[in-house]
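Okay, entry31.txt is below, compact mmCIF, C-alpha atoms:
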# COMPACT_ATOMS: atom_id res chain seq x y z
CA MET A 1 18.03 19.79 29.49
CA GLY A 2 19.21 16.73 27.61
CA GLY A 3 17.09 14.82 25.14
CA ILE A 4 16.65 11.08 24.76
CA LEU A 5 18.02 9.45 21.63
CA VAL A 6 16.06 6.47 20.39
CA ALA A 7 17.78 4.09 18.01
CA VAL A 8 15.62 3.00 15.09
CA MET A 9 16.15 -0.58 13.97
CA ARG A 10 16.91 -0.73 10.26
CA ARG A 11 15.05 -3.27 8.14
CA TYR A 12 15.93 -4.73 4.76
CA TRP A 13 14.02 -6.91 2.34
CA VAL A 14 15.73 -10.11 1.20
CA SER A 15 14.63 -13.13 -0.83
CA LYS A 16 13.38 -16.20 0.98
CA GLU A 17 16.14 -18.20 -0.69
CA SER A 18 18.81 -16.11 1.02
CA ILE A 19 17.72 -17.45 4.42
CA GLN A 20 18.89 -20.99 5.11
CA GLY A 21 18.27 -22.09 8.68
CA SER A 22 19.84 -19.45 10.92
CA LEU A 23 22.17 -18.19 8.18
CA VAL A 24 21.42 -15.20 5.91
CA THR A 25 23.46 -14.54 2.77
CA PHE A 26 23.59 -11.12 1.13
CA LYS A 27 24.52 -10.75 -2.54
CA ASP A 28 24.10 -8.49 -5.59
CA ASP A 29 21.82 -5.43 -5.19
CA VAL A 30 20.88 -6.33 -1.61
CA PHE A 31 24.54 -6.53 -0.64
CA HIS A 32 25.29 -3.21 -2.36
CA HIS A 33 22.43 -1.43 -0.61
CA ILE A 34 23.12 -2.77 2.87
CA PHE A 35 26.90 -2.72 2.95
CA ASP A 36 27.98 -0.12 0.37
CA VAL A 37 25.17 2.41 0.70
CA CYS A 38 24.04 1.92 4.32
CA ARG A 39 27.57 1.12 5.56
CA GLN A 40 26.67 -1.90 7.66
CA ASP A 41 29.64 -4.05 8.69
CA VAL A 42 30.70 -7.02 10.80
CA GLY A 43 28.92 -6.79 14.13
CA SER A 44 26.02 -4.71 12.80
CA HIS A 45 22.51 -5.66 13.87
CA PHE A 46 19.39 -5.14 11.77
CA GLU A 47 16.18 -6.90 10.77
CA VAL A 48 15.49 -8.64 7.49
CA LEU A 49 12.06 -9.30 5.98
CA CYS A 50 11.22 -11.82 3.28
CA GLY A 51 7.43 -11.94 3.08
CA ASP A 52 6.73 -14.79 5.49
CA GLN A 53 5.26 -12.52 8.20
CA ASN A 54 8.45 -12.76 10.25
CA ALA A 55 11.14 -10.20 11.03
CA TYR A 56 14.56 -11.74 11.64
CA LEU A 57 17.11 -9.93 13.78
CA VAL A 58 20.48 -10.52 12.16
CA GLU A 59 24.05 -10.04 13.37
CA VAL A 60 26.55 -9.64 10.54
CA THR A 61 29.34 -12.18 10.92
CA GLN A 62 31.27 -11.87 7.66
CA VAL A 63 31.68 -9.25 4.93
CA ALA A 64 33.59 -10.02 1.73
CA LYS A 65 34.06 -7.94 -1.42
CA LYS A 66 30.73 -8.86 -3.05
CA SER A 67 28.84 -10.83 -0.44
CA ALA A 68 28.19 -11.02 3.29
CA GLN A 69 26.71 -13.36 5.85
CA GLY A 70 24.85 -12.97 9.09
CA LYS A 71 23.25 -15.15 11.72
CA ILE A 72 19.68 -14.88 12.94
CA THR A 73 19.65 -14.14 16.65
CA GLU A 74 15.95 -13.51 17.16
CA THR A 75 12.65 -13.90 15.30
CA ARG A 76 9.46 -11.93 15.86
CA LYS A 77 6.08 -12.41 14.24
CA ILE A 78 4.68 -9.52 12.22
CA PRO A 79 0.88 -9.23 12.47
CA GLU A 80 -0.96 -9.77 9.20
CA ILE A 81 -2.83 -6.86 7.68
CA GLN A 82 -6.20 -6.75 9.38
CA LYS A 83 -9.52 -7.13 7.63
CA PRO A 84 -11.28 -5.50 5.98
CA HIS A 85 -8.56 -5.36 3.37
CA ILE A 86 -8.35 -2.10 1.45
CA HIS A 87 -8.17 -2.12 -2.34
CA LEU A 88 -7.17 1.26 -3.74
CA ALA A 89 -8.35 1.72 -7.33
CA LEU A 90 -6.65 4.84 -8.67
CA SER A 91 -6.94 6.47 -12.07
CA VAL A 92 -3.43 6.90 -13.47
CA SER A 93 -2.31 10.37 -12.40
CA ARG A 94 0.82 12.40 -13.01
CA PHE A 95 3.77 10.17 -12.28
CA ASN A 96 5.09 12.17 -9.33
CA VAL A 97 1.62 11.89 -7.78
CA MET A 98 1.57 8.15 -8.41
CA ASP A 99 4.98 7.86 -6.72
CA ALA A 100 3.64 9.56 -3.60
CA VAL A 101 0.44 7.52 -3.50
CA VAL A 102 2.29 4.21 -3.91
CA GLU A 103 4.58 5.02 -0.98
CA LYS A 104 1.79 6.17 1.34
CA ALA A 105 -0.51 3.29 0.35
CA VAL A 106 2.15 0.85 1.54
CA GLU A 107 2.53 2.68 4.84
CA MET A 108 -1.24 2.90 5.32
CA GLY A 109 -1.72 -0.84 4.90
CA VAL A 110 -3.40 -1.00 1.49
CA LEU A 111 -3.47 -4.62 0.35
CA ILE A 112 -3.64 -4.10 -3.42
CA LEU A 113 -3.29 -1.05 -5.66
CA HIS A 114 -5.35 -1.18 -8.86
CA PRO A 115 -4.24 1.53 -11.33
CA TYR A 116 -6.70 2.12 -14.15
CA PHE A 117 -7.21 4.28 -17.21
CA SER A 118 -10.21 6.62 -17.19
CA ASP A 119 -11.47 9.60 -19.18
CA TYR A 120 -9.20 12.02 -17.31
CA SER A 121 -6.17 9.80 -16.72
CA PHE A 122 -2.74 11.35 -17.21
CA ILE A 123 -2.15 8.73 -19.91
CA LYS A 124 -4.76 6.50 -21.51
CA LYS A 125 -2.87 3.26 -22.04
CA ASP A 126 0.46 1.44 -21.86
CA LEU A 127 2.27 2.45 -18.70
CA PRO A 128 6.04 2.68 -19.31
CA GLN A 129 7.84 -0.33 -17.85
CA ALA A 130 10.32 2.04 -16.22
CA LYS A 131 7.50 3.53 -14.14
CA ILE A 132 6.24 0.11 -13.04
CA ASP A 133 9.79 -0.84 -12.03
CA ARG A 134 10.07 2.41 -10.09
CA TRP A 135 6.83 1.78 -8.21
CA ASN A 136 7.99 -1.69 -7.25
CA LYS A 137 11.17 -0.16 -5.84
CA ILE A 138 9.11 2.37 -3.91
CA ILE A 139 6.96 -0.47 -2.54
CA LEU A 140 10.07 -2.31 -1.39
CA SER A 141 11.59 0.77 0.24
CA ALA A 142 8.34 1.75 1.98
CA THR A 143 7.85 -1.81 3.23
CA GLN A 144 11.31 -1.79 4.77
CA GLN A 145 10.62 1.58 6.37
CA CYS A 146 7.23 0.74 7.89
CA GLY A 147 7.97 -2.91 8.65
CA ARG A 148 4.85 -4.54 7.23
CA GLY A 149 5.16 -8.26 6.68
CA GLU A 150 4.31 -8.47 2.98
CA LEU A 151 4.71 -6.36 -0.13
CA MET A 152 1.72 -4.42 -1.38
CA LYS A 153 0.61 -5.88 -4.69
CA ILE A 154 0.21 -3.57 -7.67
CA GLU A 155 -1.96 -4.89 -10.47
CA PRO A 156 -1.41 -4.18 -14.19
CA ALA A 157 -3.21 -1.01 -15.28
CA ILE A 158 -6.45 -1.65 -17.19
CA ASN A 159 -9.41 0.38 -18.41
CA LEU A 160 -12.06 1.38 -15.88
CA ASP A 161 -14.70 -0.74 -17.64
CA GLU A 162 -12.52 -3.82 -17.23
CA LEU A 163 -11.81 -3.02 -13.61
CA LEU A 164 -15.50 -2.64 -12.79
CA LYS A 165 -16.05 -6.15 -14.12
CA ILE A 166 -13.42 -7.43 -11.67
CA PHE A 167 -14.84 -5.57 -8.67
CA ASN A 168 -16.46 -8.15 -6.41
CA GLN A 169 -19.91 -7.15 -5.18
CA SER A 170 -20.61 -10.32 -3.23
CA PRO A 171 -21.43 -10.17 0.50
CA GLY A 172 -18.41 -9.08 2.48
CA HIS A 173 -17.31 -6.54 -0.13
CA LEU A 174 -17.93 -2.81 0.08
CA GLY A 175 -17.27 -0.36 -2.75
CA LEU A 176 -17.43 3.43 -2.91
CA PHE A 177 -15.97 6.29 -4.91
CA ALA A 178 -14.78 9.72 -3.84
CA TYR A 179 -16.59 12.41 -5.79
CA GLU A 180 -16.04 16.14 -5.75
CA GLY A 181 -19.44 16.68 -7.37
CA GLU A 182 -22.79 16.12 -5.72
CA ALA A 183 -22.00 13.16 -3.51
CA ARG A 184 -24.83 11.45 -1.71
CA GLN A 185 -23.35 11.87 1.76
CA ASP A 186 -20.16 12.38 3.67
CA ILE A 187 -17.88 9.40 4.16
CA GLN A 188 -18.32 9.19 7.93
CA SER A 189 -22.12 9.21 7.83
CA TYR A 190 -22.19 6.67 5.03
CA LEU A 191 -19.86 4.20 6.77
CA ARG A 192 -21.64 4.44 10.10
CA GLY A 193 -25.00 4.01 8.42
CA PHE A 194 -23.72 1.02 6.48
CA LYS A 195 -22.38 -0.70 9.58
CA ALA A 196 -25.61 -0.04 11.46
CA ALA A 197 -27.60 -1.60 8.61
CA HIS A 198 -25.32 -4.66 8.42
CA PRO A 199 -24.36 -5.40 12.05
CA LYS A 200 -23.82 -9.13 11.45
CA ASP A 201 -22.24 -8.98 8.01
CA PRO A 202 -18.44 -8.81 8.37
CA ILE A 203 -16.74 -6.75 5.66
CA GLU A 204 -13.64 -8.46 4.29
CA ASN A 205 -12.70 -6.15 1.42
CA ILE A 206 -13.27 -2.45 0.75
CA TRP A 207 -12.72 -1.03 -2.72
CA ILE A 208 -12.22 2.71 -3.02
CA PHE A 209 -12.21 4.32 -6.46
CA ILE A 210 -10.37 7.64 -6.80
CA GLY A 211 -10.04 9.67 -9.96
CA SER A 212 -7.00 11.43 -11.36
CA GLU A 213 -6.48 15.20 -11.38
CA GLY A 214 -9.63 15.74 -13.48
CA GLY A 215 -11.86 13.59 -11.29
CA PHE A 216 -14.58 11.52 -12.96
CA SER A 217 -16.62 12.27 -16.05
CA SER A 218 -20.42 12.23 -15.85
CA GLN A 219 -20.41 8.99 -17.85
CA GLU A 220 -18.10 7.34 -15.34
CA VAL A 221 -20.23 8.51 -12.43
CA GLN A 222 -23.20 6.87 -14.11
CA LYS A 223 -21.25 3.61 -14.46
CA PHE A 224 -20.51 3.63 -10.73
CA GLN A 225 -24.14 4.34 -9.92
CA ASP A 226 -25.31 1.55 -12.23
CA LEU A 227 -23.26 -0.81 -10.06
CA ARG A 228 -24.76 0.78 -6.94
CA LEU A 229 -21.40 2.07 -5.82
CA GLU A 230 -21.90 4.88 -3.33
CA SER A 231 -20.48 8.35 -3.96
CA VAL A 232 -18.98 9.97 -0.87
CA THR A 233 -17.56 13.39 -0.19
CA LEU A 234 -14.46 14.20 1.83
CA GLY A 235 -15.53 17.74 2.67
CA ASP A 236 -15.98 21.11 1.00
CA GLN A 237 -12.37 21.52 -0.08
CA VAL A 238 -11.15 20.08 -3.37
CA LEU A 239 -8.32 17.71 -2.44
CA ARG A 240 -5.30 16.76 -4.46
CA VAL A 241 -5.24 13.13 -5.56
CA GLU A 242 -2.60 12.09 -3.03
CA THR A 243 -4.40 13.93 -0.22
CA ALA A 244 -7.73 12.32 -1.09
CA CYS A 245 -6.14 8.86 -1.01
CA ILE A 246 -4.59 9.38 2.42
CA ALA A 247 -7.73 11.00 3.85
CA LEU A 248 -10.07 8.27 2.62
CA ILE A 249 -7.83 5.42 3.74
CA SER A 250 -7.42 7.06 7.15
CA VAL A 251 -11.17 7.38 7.63
CA LEU A 252 -11.70 3.75 6.63
CA LYS A 253 -9.02 2.51 9.00
CA TYR A 254 -10.47 4.56 11.87
CA GLU A 255 -14.09 3.56 11.28
CA PHE A 256 -13.25 -0.15 10.95
CA GLY A 257 -10.87 -0.25 13.92
CA LEU A 258 -7.71 -0.84 11.87
CA MET A 259 -5.52 1.55 13.86
CA LYS A 260 -5.23 -0.58 16.99

In structure tokens, what does this structure look like?
Amino acid sequence: MGGILVAVMRRYWVSKESIQGSLVTFKDDVFHHIFDVCRQDVGSHFEVLCGDQNAYLVEVTQVAKKSAQGKITETRKIPEIQKPHIHLALSVSRFNVMDAVVEKAVEMGVLILHPYFSDYSFIKKDLPQAKIDRWNKIILSATQQCGRGELMKIEPAINLDELLKIFNQSPGHLGLFAYEGEARQDIQSYLRGFKAAHPKDPIENIWIFIGSEGGFSSQEVQKFQDLRLESVTLGDQVLRVETACIALISVLKYEFGLMK
């Protein structure tokens, strides 16, 4: 019995300046990736994204040695990321873990990633520039793959104390932290109770604080509690950092209707 083959439209990220009217010009690294690595050629069709919430269907019309051109044949609007926006505050973990979280956070619709240094961070200060550059490349690649309309922003890494000063506790903002210790309640019960208690208060931003491989120290837990941030559990099992991030984001998206 034969199967059905479904063609997946490729997407590439380009600068806004490369799009002039209905003409798209490809140069430098973008040209190398699309035409040398991905083997696109004259007559190829694919979408390009540039951060303006549009996806442009392009037909390649000309390929030279170091540049190429295409014409836009169709434009479709990409929906903006729905509110409440998710802010993922993550203690700097082992770099391979950070790589995985950055990729999945893009796919899961996180608006901003806030890396921070805590008592159990993999490193305590000064992220290598090479790692930041790598994460930006992962963000770009994951954005092309999932087709979201804007790049996830990644903030400079700062100490937890500084980050807690930035955290906005005004109406419309919800904050919580995943804790493998004695959490007050499970994430589902907490969120449903919160929504029931605030039926007319729309939540615009949700901040979730997740520790690195060592979790949080007792002093850090106290700092969260002093700010009245709720501790929530994700179940009896101890989850890896990347698993905890995906699980918590998934629950938030489900409970706030962000999977429609």

**Q.** Shortest interatomic distance to A:Ser22 - which of A:Ala130, A:Gln62, A:Thr73, A:Gln40, counting only C-alpha atoms
**A.** A:Thr73

**Q.** Proximity to A:Ile208 - best of A:Val102, A:Leu111, A:Leu90, A:Val42, all atoms listed in the file
**A.**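 Smallest distance to A:Ile208 is found for A:Leu90.
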
Q) Which polymer residues, protein or nucleic acid, are no farther than 12 Å from (-3.3, 3.1, -22.8), counting all atoms listed in the file, as a list of chain:residue names? A) A:Ser91, A:Val92, A:Pro115, A:Tyr116, A:Phe117, A:Ser118, A:Asp119, A:Ser121, A:Phe122, A:Ile123, A:Lys124, A:Lys125, A:Asp126, A:Leu127, A:Pro128, A:Pro156, A:Ala157, A:Ile158, A:Asn159, A:Leu160

Q.
To one decimal place in Å, what is the distance between atom CA of A:Ser217 and atom CA of A:Ser170?
A.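 Between atom CA of A:Ser217 and atom CA of A:Ser170 the gap works out to 26.3 Å.
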
Q | atom CA of A:Lys165 to atom CA of A:Leu191, straight-line distance in Å | A |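 About the pair atom CA of A:Leu191 and atom CA of A:Lys165: they are 23.6 Å apart.
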
Q | Nearest to A:Trp13 by atom-to-atom distance, counting only C-alpha atoms, from A:Asp41, A:Asp201, A:Glu47, A:Glu107 | A |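 Using only C-alpha atoms, the shortest distance to A:Trp13 belongs to A:Glu47.
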
**Q.** Best match for closeness to A:Lys71 among A:Ile19, A:Leu248, A:Val30, A:Ile206, counting only C-alpha atoms
**A.** A:Ile19

Within 10 Å of A:Cys146 using all atoms listed in the file, minus same-chain residues under 6 positions, as a PDB file with C-alpha atoms, in the coordinates of the input:
ATOM      1  CA  ARG A  11      15.050  -3.270   8.140  1.00  0.00           C
ATOM      2  CA  VAL A 106       2.150   0.850   1.540  1.00  0.00           C
ATOM      3  CA  GLU A 107       2.530   2.680   4.840  1.00  0.00           C
ATOM      4  CA  MET A 108      -1.240   2.900   5.320  1.00  0.00           C
ATOM      5  CA  GLY A 109      -1.720  -0.840   4.900  1.00  0.00           C
TER       6      GLY A 109
END

Q | A:Ile210 surroundings by all atoms listed in the file, 8 Å radius, close-in-sequence under 2 positions cut, as number ranges by chain | A | A: 88-91, 177-179, 208, 212, 215, 241, 244-245

Suppose we keep C-alpha atoms; can you now write the selection as a CSV table (one decimal), in the frame of the given file?
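result.csv, freshly written:
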chain,number,residue,atom,x,y,z
A,88,LEU,CA,-7.2,1.3,-3.7
A,89,ALA,CA,-8.4,1.7,-7.3
A,90,LEU,CA,-6.6,4.8,-8.7
A,91,SER,CA,-6.9,6.5,-12.1
A,177,PHE,CA,-16.0,6.3,-4.9
A,178,ALA,CA,-14.8,9.7,-3.8
A,179,TYR,CA,-16.6,12.4,-5.8
A,208,ILE,CA,-12.2,2.7,-3.0
A,212,SER,CA,-7.0,11.4,-11.4
A,215,GLY,CA,-11.9,13.6,-11.3
A,241,VAL,CA,-5.2,13.1,-5.6
A,244,ALA,CA,-7.7,12.3,-1.1
A,245,CYS,CA,-6.1,8.9,-1.0

Q) By how many Å are atom CA of A:Asp52 and atom CA of A:Lys16 apart? A) 8.2 Å

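Among the candidate residues A:Leu164, A:Arg148, A:Ile139, A:Gly43, the one lying nearest to A:Lys223 is A:Leu164, with distances computed using only C-alpha atoms.
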
Take the structure in the block and write a file for stretch 118-151 of chain A, N, CA and C atoms, as a CSV table (one decimal), in the first residue's frame.
chain,number,residue,atom,x,y,z
A,118,SER,N,23.3,31.8,39.2
A,118,SER,CA,22.8,31.5,40.5
A,118,SER,C,23.8,30.7,41.3
A,119,ASP,N,23.4,30.3,42.5
A,119,ASP,CA,24.4,29.5,43.3
A,119,ASP,C,24.9,28.2,42.7
A,120,TYR,N,24.0,27.6,41.9
A,120,TYR,CA,24.4,26.3,41.3
A,120,TYR,C,24.6,26.4,39.8
A,121,SER,N,24.8,27.6,39.2
A,121,SER,CA,25.0,27.7,37.8
A,121,SER,C,26.3,27.0,37.4
A,122,PHE,N,26.3,26.6,36.1
A,122,PHE,CA,27.4,25.9,35.6
A,122,PHE,C,28.6,26.8,35.6
A,123,ILE,N,28.5,28.0,35.2
A,123,ILE,CA,29.5,29.0,35.5
A,123,ILE,C,28.8,30.2,36.2
A,124,LYS,N,29.6,31.0,36.9
A,124,LYS,CA,29.1,32.1,37.7
A,124,LYS,C,29.1,33.4,37.1
A,125,LYS,N,29.8,33.6,36.0
A,125,LYS,CA,29.9,35.0,35.4
A,125,LYS,C,30.5,34.8,34.0
A,126,ASP,N,30.3,35.9,33.2
A,126,ASP,CA,31.0,36.1,31.9
A,126,ASP,C,30.9,34.9,31.0
A,127,LEU,N,29.7,34.8,30.4
A,127,LEU,CA,29.5,33.8,29.3
A,127,LEU,C,30.4,34.1,28.2
A,128,PRO,N,31.0,33.0,27.6
A,128,PRO,CA,31.9,33.2,26.4
A,128,PRO,C,31.1,33.7,25.3
A,129,GLN,N,31.7,34.7,24.5
A,129,GLN,CA,31.0,35.3,23.4
A,129,GLN,C,30.7,34.2,22.4
A,130,ALA,N,31.5,33.2,22.2
A,130,ALA,CA,31.3,32.1,21.3
A,130,ALA,C,30.0,31.4,21.6
A,131,LYS,N,29.7,31.2,22.8
A,131,LYS,CA,28.4,30.5,23.2
A,131,LYS,C,27.2,31.4,22.9
A,132,ILE,N,27.3,32.7,23.1
A,132,ILE,CA,26.2,33.6,22.8
A,132,ILE,C,26.0,33.6,21.3
A,133,ASP,N,27.1,33.6,20.5
A,133,ASP,CA,26.9,33.6,19.1
A,133,ASP,C,26.3,32.3,18.6
A,134,ARG,N,26.7,31.2,19.3
A,134,ARG,CA,26.1,29.9,18.9
A,134,ARG,C,24.6,29.9,19.2
A,135,TRP,N,24.2,30.4,20.3
A,135,TRP,CA,22.8,30.4,20.7
A,135,TRP,C,22.0,31.3,19.7
A,136,ASN,N,22.5,32.4,19.2
A,136,ASN,CA,21.8,33.2,18.2
A,136,ASN,C,21.7,32.5,16.9
A,137,LYS,N,22.7,31.6,16.6
A,137,LYS,CA,22.5,30.8,15.4
A,137,LYS,C,21.5,29.7,15.6
A,138,ILE,N,21.4,29.2,16.8
A,138,ILE,CA,20.4,28.2,17.0
A,138,ILE,C,19.0,28.8,17.0
A,139,ILE,N,18.9,30.0,17.5
A,139,ILE,CA,17.6,30.8,17.4
A,139,ILE,C,17.2,31.0,16.0
A,140,LEU,N,18.1,31.4,15.2
A,140,LEU,CA,17.8,31.6,13.7
A,140,LEU,C,17.4,30.3,13.1
A,141,SER,N,18.1,29.2,13.3
A,141,SER,CA,17.8,28.0,12.6
A,141,SER,C,16.4,27.4,13.1
A,142,ALA,N,16.2,27.5,14.4
A,142,ALA,CA,14.9,27.0,14.9
A,142,ALA,C,13.7,27.9,14.4
A,143,THR,N,14.0,29.2,14.3
A,143,THR,CA,12.9,30.1,13.8
A,143,THR,C,12.6,29.7,12.3
A,144,GLN,N,13.6,29.4,11.5
A,144,GLN,CA,13.3,29.0,10.2
A,144,GLN,C,12.6,27.7,10.1
A,145,GLN,N,12.9,26.8,11.0
A,145,GLN,CA,12.3,25.5,11.0
A,145,GLN,C,10.8,25.5,11.4
A,146,CYS,N,10.5,26.3,12.5
A,146,CYS,CA,9.2,26.3,13.0
A,146,CYS,C,8.3,27.4,12.3
A,147,GLY,N,8.9,28.4,11.7
A,147,GLY,CA,8.2,29.4,11.0
A,147,GLY,C,7.6,30.5,11.8
A,148,ARG,N,8.1,30.7,13.0
A,148,ARG,CA,7.5,31.9,13.8
A,148,ARG,C,7.9,33.2,13.1
A,149,GLY,N,7.2,34.2,13.4
A,149,GLY,CA,7.4,35.5,12.7
A,149,GLY,C,8.5,36.4,13.2
A,150,GLU,N,9.0,36.1,14.4
A,150,GLU,CA,10.1,37.0,14.9
A,150,GLU,C,11.0,36.1,15.7
A,151,LEU,N,12.2,36.6,15.8
A,151,LEU,CA,13.3,35.9,16.6
A,151,LEU,C,13.0,36.0,18.1
